[in-house]
$ cat target-v3.csv   # CSV, C-alpha atoms and all ligand atoms
chain,number,residue,atom,x,y,z
A,1,MET,CA,5.7,-18.7,-5.5
A,2,TYR,CA,3.2,-19.6,-2.7
A,3,VAL,CA,0.0,-17.4,-2.8
A,4,VAL,CA,-2.3,-17.0,0.2
A,5,VAL,CA,-5.5,-15.1,0.0
A,6,ASN,CA,-6.9,-13.5,3.2
A,7,ALA,CA,-10.1,-11.5,3.5
A,8,ALA,CA,-12.8,-10.7,5.9
A,9,GLN,CA,-16.5,-11.1,4.9
A,10,SER,CA,-19.9,-10.8,6.4
A,11,VAL,CA,-22.0,-13.9,6.9
A,12,ASP,CA,-23.6,-13.1,3.5
A,13,GLY,CA,-20.2,-13.0,1.7
A,14,LYS,CA,-19.7,-9.2,1.4
A,15,LEU,CA,-16.3,-7.5,1.7
A,16,SER,CA,-17.8,-4.1,2.2
A,17,THR,CA,-21.0,-2.1,1.5
A,18,ARG,CA,-22.6,-1.3,-1.9
A,19,ARG,CA,-20.9,2.1,-1.5
A,20,ARG,CA,-17.6,0.3,-1.4
A,21,GLU,CA,-16.5,2.2,1.7
A,22,GLN,CA,-14.1,0.4,3.9
A,23,LEU,CA,-16.0,-1.7,6.5
A,24,ARG,CA,-14.5,-3.0,9.7
A,25,ILE,CA,-15.5,-6.6,9.7
A,26,SER,CA,-12.5,-8.0,11.7
A,27,GLY,CA,-12.0,-7.4,15.4
A,28,GLU,CA,-8.7,-6.9,17.1
A,29,GLU,CA,-7.8,-10.6,17.2
A,30,ASP,CA,-8.4,-11.0,13.5
A,31,PHE,CA,-6.4,-7.9,12.6
A,32,ASP,CA,-3.5,-9.4,14.6
A,33,ARG,CA,-3.9,-12.7,12.6
A,34,MET,CA,-3.9,-10.6,9.4
A,35,ASP,CA,-0.7,-8.9,10.5
A,36,ARG,CA,1.0,-12.3,11.1
A,37,ILE,CA,0.1,-13.4,7.6
A,38,ARG,CA,1.5,-10.1,6.3
A,39,ALA,CA,4.6,-10.5,8.3
A,40,ALA,CA,5.3,-14.0,6.9
A,41,ALA,CA,4.9,-12.7,3.3
A,42,ASP,CA,7.4,-11.1,1.0
A,43,ALA,CA,4.7,-8.9,-0.5
A,44,VAL,CA,1.1,-8.0,0.0
A,45,LEU,CA,-1.1,-7.4,-3.1
A,46,VAL,CA,-4.4,-5.5,-3.6
A,47,GLY,CA,-6.3,-4.2,-6.6
A,48,VAL,CA,-6.6,-0.6,-7.5
A,49,GLY,CA,-10.3,-0.7,-6.5
A,50,THR,CA,-9.1,-1.3,-2.9
A,51,VAL,CA,-6.6,1.5,-3.2
A,52,LEU,CA,-9.2,3.9,-4.4
A,53,ALA,CA,-11.8,2.8,-1.8
A,54,ASP,CA,-9.6,2.4,1.3
A,55,ASP,CA,-6.3,4.1,0.6
A,56,PRO,CA,-4.5,1.3,2.5
A,57,HIS,CA,-1.0,1.4,3.9
A,58,LEU,CA,-0.4,-2.4,4.0
A,59,THR,CA,2.4,-2.2,6.5
A,60,LEU,CA,2.8,-4.2,9.8
A,61,ASP,CA,1.9,-3.0,13.2
A,62,GLU,CA,4.9,-2.5,15.6
A,63,GLU,CA,4.4,-5.8,17.4
A,64,ALA,CA,4.1,-7.9,14.2
A,65,ARG,CA,7.1,-6.1,12.7
A,66,ARG,CA,9.2,-6.8,15.8
A,67,VAL,CA,8.2,-10.4,16.5
A,68,GLU,CA,7.4,-11.9,13.1
A,69,ARG,CA,9.7,-10.2,10.7
A,70,LEU,CA,12.7,-10.4,12.9
A,71,ARG,CA,11.9,-14.0,13.7
A,72,ASN,CA,11.9,-14.8,10.0
A,73,GLY,CA,15.2,-12.9,9.6
A,74,ARG,CA,13.6,-10.2,7.4
A,75,PRO,CA,13.3,-7.0,9.3
A,76,GLY,CA,11.1,-4.3,7.9
A,77,ASP,CA,7.8,-4.5,6.0
A,78,PRO,CA,6.9,-6.7,3.1
A,79,ALA,CA,6.7,-5.1,-0.3
A,80,ARG,CA,3.3,-3.8,-1.5
A,81,VAL,CA,1.8,-4.6,-4.8
A,82,VAL,CA,-1.1,-2.9,-6.7
A,83,VAL,CA,-2.9,-4.5,-9.7
A,84,ASP,CA,-3.7,-1.4,-11.7
A,85,SER,CA,-4.0,-1.8,-15.5
A,86,THR,CA,-4.1,1.9,-16.5
A,87,GLY,CA,-2.2,3.4,-13.5
A,88,ARG,CA,-5.2,4.9,-11.6
A,89,THR,CA,-3.3,4.8,-8.3
A,90,PRO,CA,-3.2,8.4,-7.0
A,91,THR,CA,0.4,9.7,-6.8
A,92,ASP,CA,-0.3,10.8,-3.2
A,93,ALA,CA,-1.8,7.3,-2.2
A,94,ARG,CA,-0.5,6.1,1.2
A,95,ILE,CA,0.7,2.9,-0.5
A,96,LEU,CA,3.3,5.0,-2.4
A,97,ASP,CA,5.1,6.3,0.7
A,98,ASP,CA,8.6,5.2,1.5
A,99,ALA,CA,7.6,2.7,4.2
A,100,ALA,CA,8.3,-0.2,1.9
A,101,THR,CA,8.9,-1.0,-1.8
A,102,THR,CA,5.7,-0.7,-3.9
A,103,TYR,CA,5.3,-2.6,-7.2
A,104,LEU,CA,2.6,-1.4,-9.5
A,105,LEU,CA,1.5,-4.1,-12.0
A,106,VAL,CA,0.1,-2.2,-15.0
A,107,SER,CA,-0.7,-3.3,-18.5
A,108,ALA,CA,0.3,-1.8,-21.9
A,109,ALA,CA,-2.8,0.3,-21.6
A,110,ALA,CA,-1.0,2.6,-19.1
A,111,THR,CA,0.5,5.4,-21.0
A,112,PRO,CA,4.3,5.9,-20.8
A,113,GLU,CA,3.6,9.4,-19.3
A,114,ARG,CA,1.5,7.9,-16.5
A,115,ARG,CA,4.0,5.1,-15.9
A,116,GLU,CA,6.7,7.8,-15.5
A,117,GLU,CA,4.5,9.8,-13.1
A,118,LEU,CA,4.0,6.8,-10.9
A,119,SER,CA,7.6,5.9,-11.0
A,120,ASP,CA,8.5,9.5,-10.0
A,121,ALA,CA,6.1,9.0,-7.1
A,122,GLY,CA,8.1,6.1,-5.8
A,123,ALA,CA,6.6,3.0,-7.5
A,124,GLU,CA,8.4,0.2,-9.2
A,125,VAL,CA,6.3,-0.1,-12.3
A,126,ILE,CA,6.0,-3.5,-14.0
A,127,VAL,CA,4.2,-3.9,-17.3
A,128,ALA,CA,2.3,-7.3,-17.6
A,129,GLY,CA,-0.5,-7.8,-20.1
A,130,GLU,CA,-2.0,-5.8,-23.0
A,131,GLU,CA,-5.4,-4.4,-21.8
A,132,ARG,CA,-5.8,-5.8,-18.3
A,133,VAL,CA,-3.0,-6.9,-16.0
A,134,ASP,CA,-1.9,-10.5,-16.8
A,135,LEU,CA,-1.6,-12.0,-13.3
A,136,LEU,CA,0.5,-15.0,-14.4
A,137,GLU,CA,3.0,-12.7,-16.0
A,138,GLY,CA,2.9,-10.1,-13.2
A,139,THR,CA,3.4,-12.6,-10.4
A,140,GLY,CA,6.2,-14.2,-12.6
A,141,ALA,CA,8.0,-10.8,-12.6
A,142,LEU,CA,7.4,-10.5,-8.8
A,143,ALA,CA,9.0,-13.9,-8.3
A,144,GLU,CA,12.0,-12.8,-10.3
A,145,ALA,CA,12.2,-9.8,-8.0
A,146,GLY,CA,12.5,-12.2,-5.0
A,147,VAL,CA,8.8,-12.6,-3.9
A,148,ASP,CA,8.5,-16.2,-2.9
A,149,ARG,CA,5.4,-15.8,-0.7
A,150,LEU,CA,2.6,-13.5,-1.7
A,151,MET,CA,-0.4,-12.4,0.4
A,152,VAL,CA,-3.5,-11.3,-1.6
A,153,GLU,CA,-5.9,-9.1,0.5
A,154,GLY,CA,-8.5,-8.2,-2.1
A,155,GLY,CA,-10.8,-6.9,-3.3
A,156,GLY,CA,-13.3,-9.2,-4.9
A,157,GLU,CA,-12.3,-8.6,-8.5
A,158,VAL,CA,-8.6,-9.4,-7.9
A,159,ILE,CA,-9.3,-12.4,-5.7
A,160,TYR,CA,-11.5,-13.8,-8.5
A,161,SER,CA,-8.8,-13.2,-11.0
A,162,CYS,CA,-6.2,-14.9,-8.8
A,163,PHE,CA,-8.4,-18.0,-8.7
A,164,ALA,CA,-9.1,-17.8,-12.4
A,165,ALA,CA,-5.3,-17.6,-13.1
A,166,GLY,CA,-4.8,-20.7,-11.0
A,167,ILE,CA,-2.2,-19.1,-8.7
A,168,VAL,CA,-3.9,-19.5,-5.3
A,169,ASP,CA,-2.5,-22.1,-2.9
A,170,GLU,CA,-4.4,-21.1,0.3
A,171,LEU,CA,-7.5,-19.2,1.3
A,172,GLN,CA,-8.2,-17.8,4.8
A,173,VAL,CA,-11.6,-16.1,5.3
A,174,TYR,CA,-12.7,-14.4,8.5
A,175,VAL,CA,-16.5,-14.5,8.6
A,176,GLY,CA,-17.7,-11.7,10.8
A,177,SER,CA,-21.1,-11.9,12.6
A,178,LEU,CA,-23.0,-9.3,10.5
A,179,VAL,CA,-25.2,-9.1,7.4
A,180,VAL,CA,-24.4,-6.4,4.9
A,181,GLY,CA,-26.6,-7.3,1.9
A,182,GLY,CA,-26.7,-5.4,-1.4
A,183,ARG,CA,-26.5,-7.0,-4.8
A,184,ASP,CA,-23.8,-4.5,-5.8
A,185,ALA,CA,-21.7,-4.9,-2.7
A,186,PRO,CA,-18.3,-6.6,-3.4
A,187,THR,CA,-18.1,-10.3,-2.5
A,188,LEU,CA,-15.1,-12.5,-1.8
A,189,ALA,CA,-14.9,-13.4,-5.5
A,190,ASP,CA,-16.6,-11.2,-8.1
A,191,GLY,CA,-15.3,-10.9,-11.7
A,192,GLU,CA,-17.2,-12.9,-14.4
A,193,GLY,CA,-17.7,-15.9,-12.1
A,194,PHE,CA,-17.0,-19.5,-13.0
A,195,LEU,CA,-19.4,-21.7,-15.0
A,196,GLU,CA,-17.3,-24.8,-14.8
A,197,GLU,CA,-14.0,-26.0,-13.5
A,198,PHE,CA,-14.8,-24.3,-10.1
A,199,PRO,CA,-11.7,-24.1,-7.9
A,200,ARG,CA,-12.2,-26.8,-5.3
A,201,LEU,CA,-11.0,-26.3,-1.8
A,202,GLU,CA,-10.1,-28.5,1.1
A,203,LEU,CA,-11.1,-27.3,4.6
A,204,THR,CA,-7.9,-27.4,6.7
A,205,GLY,CA,-8.9,-25.5,9.8
A,206,THR,CA,-11.5,-23.5,11.7
A,207,GLU,CA,-10.9,-21.1,14.6
A,208,ARG,CA,-13.2,-18.8,16.6
A,209,LEU,CA,-11.7,-15.3,16.9
A,210,ASP,CA,-13.5,-12.2,18.2
A,211,ASP,CA,-17.2,-12.7,17.5
A,212,GLY,CA,-16.5,-14.6,14.2
A,213,ILE,CA,-14.8,-17.5,12.7
A,214,VAL,CA,-11.7,-18.1,10.5
A,215,LEU,CA,-12.1,-20.7,7.8
A,216,SER,CA,-8.8,-22.0,6.3
A,217,TYR,CA,-8.6,-23.9,3.0
A,218,GLY,CA,-6.0,-25.4,0.7
A,219,VAL,CA,-6.7,-25.3,-3.0
A,220,GLU,CA,-7.1,-28.7,-4.7
A,221,GLY,CA,-4.5,-29.3,-7.4
A,222,ARG,CA,-1.9,-27.1,-5.9
A,223,ALA,CA,1.0,-29.0,-4.3
A,301,LIG,N1,-13.0,-7.1,3.9
A,301,LIG,C1,-11.9,-7.3,3.3
A,301,LIG,O1,-11.1,-8.2,3.7
A,301,LIG,C2,-11.5,-6.4,2.1
A,301,LIG,C3,-12.4,-5.5,1.6
A,301,LIG,N2,-12.0,-4.8,0.5
A,301,LIG,C4,-13.0,-4.0,-0.2
A,301,LIG,O2,-13.2,-4.4,-1.5
A,301,LIG,C5,-13.6,-3.3,-2.3
A,301,LIG,C6,-12.7,-3.2,-3.5
A,301,LIG,O3,-12.8,-4.4,-4.3
A,301,LIG,P1,-13.0,-4.3,-5.9
A,301,LIG,O4,-13.9,-3.2,-6.2
A,301,LIG,O5,-13.4,-5.7,-6.3
A,301,LIG,O6,-11.6,-3.9,-6.4
A,301,LIG,P2,-10.2,-4.7,-6.4
A,301,LIG,O7,-9.4,-4.2,-5.3
A,301,LIG,O8,-10.3,-6.1,-6.6
A,301,LIG,O9,-9.5,-4.0,-7.7
A,301,LIG,C7,-10.1,-4.4,-9.0
A,301,LIG,C8,-9.6,-3.5,-10.1
A,301,LIG,O10,-8.2,-3.9,-10.4
A,301,LIG,C9,-8.0,-3.6,-11.7
A,301,LIG,N3,-7.4,-4.8,-12.4
A,301,LIG,C10,-6.4,-4.8,-13.3
A,301,LIG,N4,-6.1,-6.0,-13.7
A,301,LIG,C11,-7.0,-6.9,-13.1
A,301,LIG,C12,-7.2,-8.3,-13.2
A,301,LIG,N5,-6.4,-9.1,-13.9
A,301,LIG,N6,-8.1,-8.8,-12.4
A,301,LIG,C13,-8.9,-8.0,-11.6
A,301,LIG,N7,-8.8,-6.7,-11.5
A,301,LIG,C14,-7.8,-6.1,-12.3
A,301,LIG,C15,-9.3,-3.2,-12.4
A,301,LIG,O11,-9.3,-1.8,-12.5
A,301,LIG,C16,-10.3,-3.7,-11.4
A,301,LIG,O12,-11.5,-2.9,-11.4
A,301,LIG,C17,-13.6,-2.1,-1.4
A,301,LIG,O13,-14.9,-1.8,-1.0
A,301,LIG,C18,-12.7,-2.5,-0.2
A,301,LIG,O14,-13.1,-1.9,1.0
A,301,LIG,C19,-10.8,-4.9,-0.1
A,301,LIG,C20,-9.8,-5.7,0.5
A,301,LIG,C21,-10.1,-6.6,1.6
A,302,LIG,N1,-8.8,-8.6,7.2
A,302,LIG,C1,-9.5,-7.4,7.0
A,302,LIG,N2,-10.6,-7.2,7.8
A,302,LIG,C2,-11.4,-6.1,7.6
A,302,LIG,O1,-12.4,-5.9,8.4
A,302,LIG,C3,-11.1,-5.2,6.6
A,302,LIG,N3,-11.8,-4.1,6.4
A,302,LIG,C4,-9.9,-5.5,5.8
A,302,LIG,N4,-9.6,-4.7,4.8
A,302,LIG,C5,-8.3,-4.7,4.3
A,302,LIG,O2,-7.3,-4.1,5.1
A,302,LIG,C6,-6.7,-3.0,4.4
A,302,LIG,C7,-6.3,-1.9,5.3
A,302,LIG,O3,-4.9,-2.0,5.5
A,302,LIG,P1,-4.1,-0.9,6.3
A,302,LIG,O4,-4.7,-1.0,7.7
A,302,LIG,O5,-4.3,0.4,5.7
A,302,LIG,O6,-2.7,-1.3,6.2
A,302,LIG,C8,-7.7,-2.7,3.4
A,302,LIG,O7,-7.3,-2.0,2.3
A,302,LIG,C9,-8.2,-4.0,3.0
A,302,LIG,O8,-7.2,-4.6,2.2
A,302,LIG,N5,-9.2,-6.6,6.0
$ encode --input "target-v3.csv" --output "structure tokens" --more "lines below"
Ligand SMILES: NC(=O)C1=CN([C@@H]2O[C@H](COP(=O)(O)OP(=O)(O)OC[C@H]3O[C@@H](n4cnc5c(N)ncnc54)[C@H](O)[C@@H]3O)[C@@H](O)[C@H]2O)C=CC1
Ligand SMILES: Nc1nc(O)c(N)c(N[C@@H]2O[C@H](COP(=O)(O)O)[C@@H](O)[C@H]2O)n1
Amino acid sequence: MYVVVNAAQSVDGKLSTRRREQLRISGEEDFDRMDRIRAAADAVLVGVGTVLADDPHLTLDEEARRVERLRNGRPGDPARVVVDSTGRTPTDARILDDAATTYLLVSAAATPERREELSDAGAEVIVAGEERVDLLEGTGALAEAGVDRLMVEGGGEVIYSCFAAGIVDELQVYVGSLVVGGRDAPTLADGEGFLEEFPRLELTGTERLDDGIVLSYGVEGRA
């Protein structure tokens, strides 16, 4: 499976404010670029923190659906994936509507009753891990379900875990021209943080879009 992480951050590395409310960092050109990455993916993944904060839909806009998905011979939207150990995704979340398949990666900590409720709400529930979702196991199950190319949109906890699990092949970051600040505001990679064996990146491209810049990286050690 090929994994591409895409996110938008402020100049000081924040994904949103300390209140964790959705913050528009990208402009129109960058949202179009994001849509093209979504269109090329078999599935788009976020953490439950993002679902609770943003209630995202994670579908394509009409133009991306028409041009990109059809061009790749795969009409329709990519699947949606939520990393959600205990099954906190609300059953009326937009991500559970019938616009596309939605996989919920839960752990054994999600009760059978909660798994059934989420399944009744339309989710394909996959159990991976004991306490927290085990991303290697979870992405392995997604690969078995036919996901060859996965886009990770965030937030900071899940992006960190993807790097820690060693599954990231490519990182694209849009750096918007604003300062957000706040020691408790989510950043591109939160979690525990690395003390050694930092993921090393190779800068593969830069592009000015809107009033910001896209930085593209490959991850060293990934073919
Ligand atoms: N600017 C951007 O591009 C984006 C911004 N955001 C922002 O990020 C914020 C949400 O980010 P976070 O709070 O970091 O939440 P998150 O979306 O990264 O979800 C983290 C949660 O997922 C669950 N989880 C289960 N297994 C896990 C594992 N193995 N590793 C990590 N998490 C696991 C935990 O409950 C954890 O708290 C919101 O403010 C949202 O608006 C989110 C996506 C993109
Ligand atoms: N690329 C990007 N730029 C921003 O400025 C953002 N705030 C985000 N957030 C992500 O986009 C999701 C919204 O998806 P829908 O429009 O609901 O499909 C949100 O949940 C974040 O993942 N991304």
$ closest_residue --input "target-v3.csv" --among "A:Gly193, A:Gly138, A:Gly182, A:Gly155" --to "Thr50 of chain A" --atoms "all atoms listed in the file"
A:Gly155
$ closest_residue --input "target-v3.csv" --among "A:Glu196, A:Glu202, A:Asp54, A:Asp97" --to "ligand LIG 301 (chain A)" --atoms "all atoms listed in the file"
A:Asp54
$ closest_residue --input "target-v3.csv" --among "A:His57, A:Arg88, A:Arg149, A:Arg38" --to "ligand LIG 301 (chain A)" --atoms "all atoms listed in the file"
A:Arg88
$ residues_near_point --input "target-v3.csv" --point "(9.3, -3.9, -4.7)" --cutoff "12 Å" --atoms "all atoms listed in the file" --output "number ranges by chain"
A: 42-45, 77-82, 95-96, 98-105, 119, 122-126, 139, 141-147
$ residues_around --input "target-v3.csv" --residues "Glu192 of chain A" --least-positions-apart "6" --cutoff "10 Å" --atoms "only C-alpha atoms" --output "ChimeraX atom specification"
/A:157,160-161,164
$ write_last_selection --input "target-v3.csv" --atoms "C-alpha atoms" --output "CSV table (one decimal), in the coordinates of the input"
chain,number,residue,atom,x,y,z
A,157,GLU,CA,-12.3,-8.6,-8.5
A,160,TYR,CA,-11.5,-13.8,-8.5
A,161,SER,CA,-8.8,-13.2,-11.0
A,164,ALA,CA,-9.1,-17.8,-12.4
$ closest_residue --input "target-v3.csv" --among "A:Gly140, A:Pro186, A:Gly49, A:Pro56" --to "Met1 of chain A" --atoms "all atoms listed in the file"
A:Gly140
$ residues_near_ligand --input "target-v3.csv" --ligand "ligand LIG 301 (chain A)" --cutoff "6 Å" --atoms "all atoms listed in the file" --output "PyMOL selection string"
chain A and resi 7-9+15-16+20-22+46-50+53-54+83-85+132-135+153-158+161+186
$ closest_residue --input "target-v3.csv" --among "A:Asp169, A:Asp148, A:Asp61, A:Glu220" --to "ligand LIG 302 (chain A)" --atoms "all atoms listed in the file"
A:Asp61
$ closest_residue --input "target-v3.csv" --among "A:Met34, A:Leu203, A:Leu118, A:Val219" --to "ligand LIG 302 (chain A)" --atoms "only C-alpha atoms and all ligand atoms"
A:Met34
$ atom_distance --input "target-v3.csv" --atom1 "atom CA of Asp30 of chain A" --atom2 "atom CA of Gly191 of chain A"
26.1 Å
$ residues_around --input "target-v3.csv" --residues "Asn6 of chain A" --least-positions-apart "3" --cutoff "7 Å" --atoms "only C-alpha atoms" --output "PDB file with C-alpha atoms, in the frame of the given file"
ATOM      1  CA  VAL A 152      -3.500 -11.300  -1.600  1.00  0.00           C
ATOM      2  CA  GLU A 153      -5.900  -9.100   0.500  1.00  0.00           C
ATOM      3  CA  LEU A 171      -7.500 -19.200   1.300  1.00  0.00           C
ATOM      4  CA  GLN A 172      -8.200 -17.800   4.800  1.00  0.00           C
ATOM      5  CA  VAL A 173     -11.600 -16.100   5.300  1.00  0.00           C
TER       6      VAL A 173
END
$ atom_distance --input "target-v3.csv" --atom1 "atom CA of Glu170 of chain A" --atom2 "atom CA of Val5 of chain A"
6.1 Å
$ atom_distance --input "target-v3.csv" --atom1 "atom CA of Glu113 of chain A" --atom2 "atom CA of Leu136 of chain A"
25.1 Å
$ residues_around --input "target-v3.csv" --residues "Gly27 of chain A" --least-positions-apart "3" --cutoff "10 Å" --atoms "only C-alpha atoms" --output "PyMOL selection string"
chain A and resi 24+30-32+174+176+209-212
$ residues_around --input "target-v3.csv" --residues "Val11 of chain A" --least-positions-apart "5" --cutoff "6 Å" --atoms "only C-alpha atoms" --output "short mmCIF file (atom, residue, chain, number, x, y, z; two decimals) with C-alpha atoms, in the coordinates of the input"
data_model
loop_
_atom_site.label_atom_id
_atom_site.label_comp_id
_atom_site.auth_asym_id
_atom_site.auth_seq_id
_atom_site.Cartn_x
_atom_site.Cartn_y
_atom_site.Cartn_z
CA VAL A 175 -16.50 -14.50 8.60
CA LEU A 178 -23.00 -9.30 10.50
CA VAL A 179 -25.20 -9.10 7.40
#
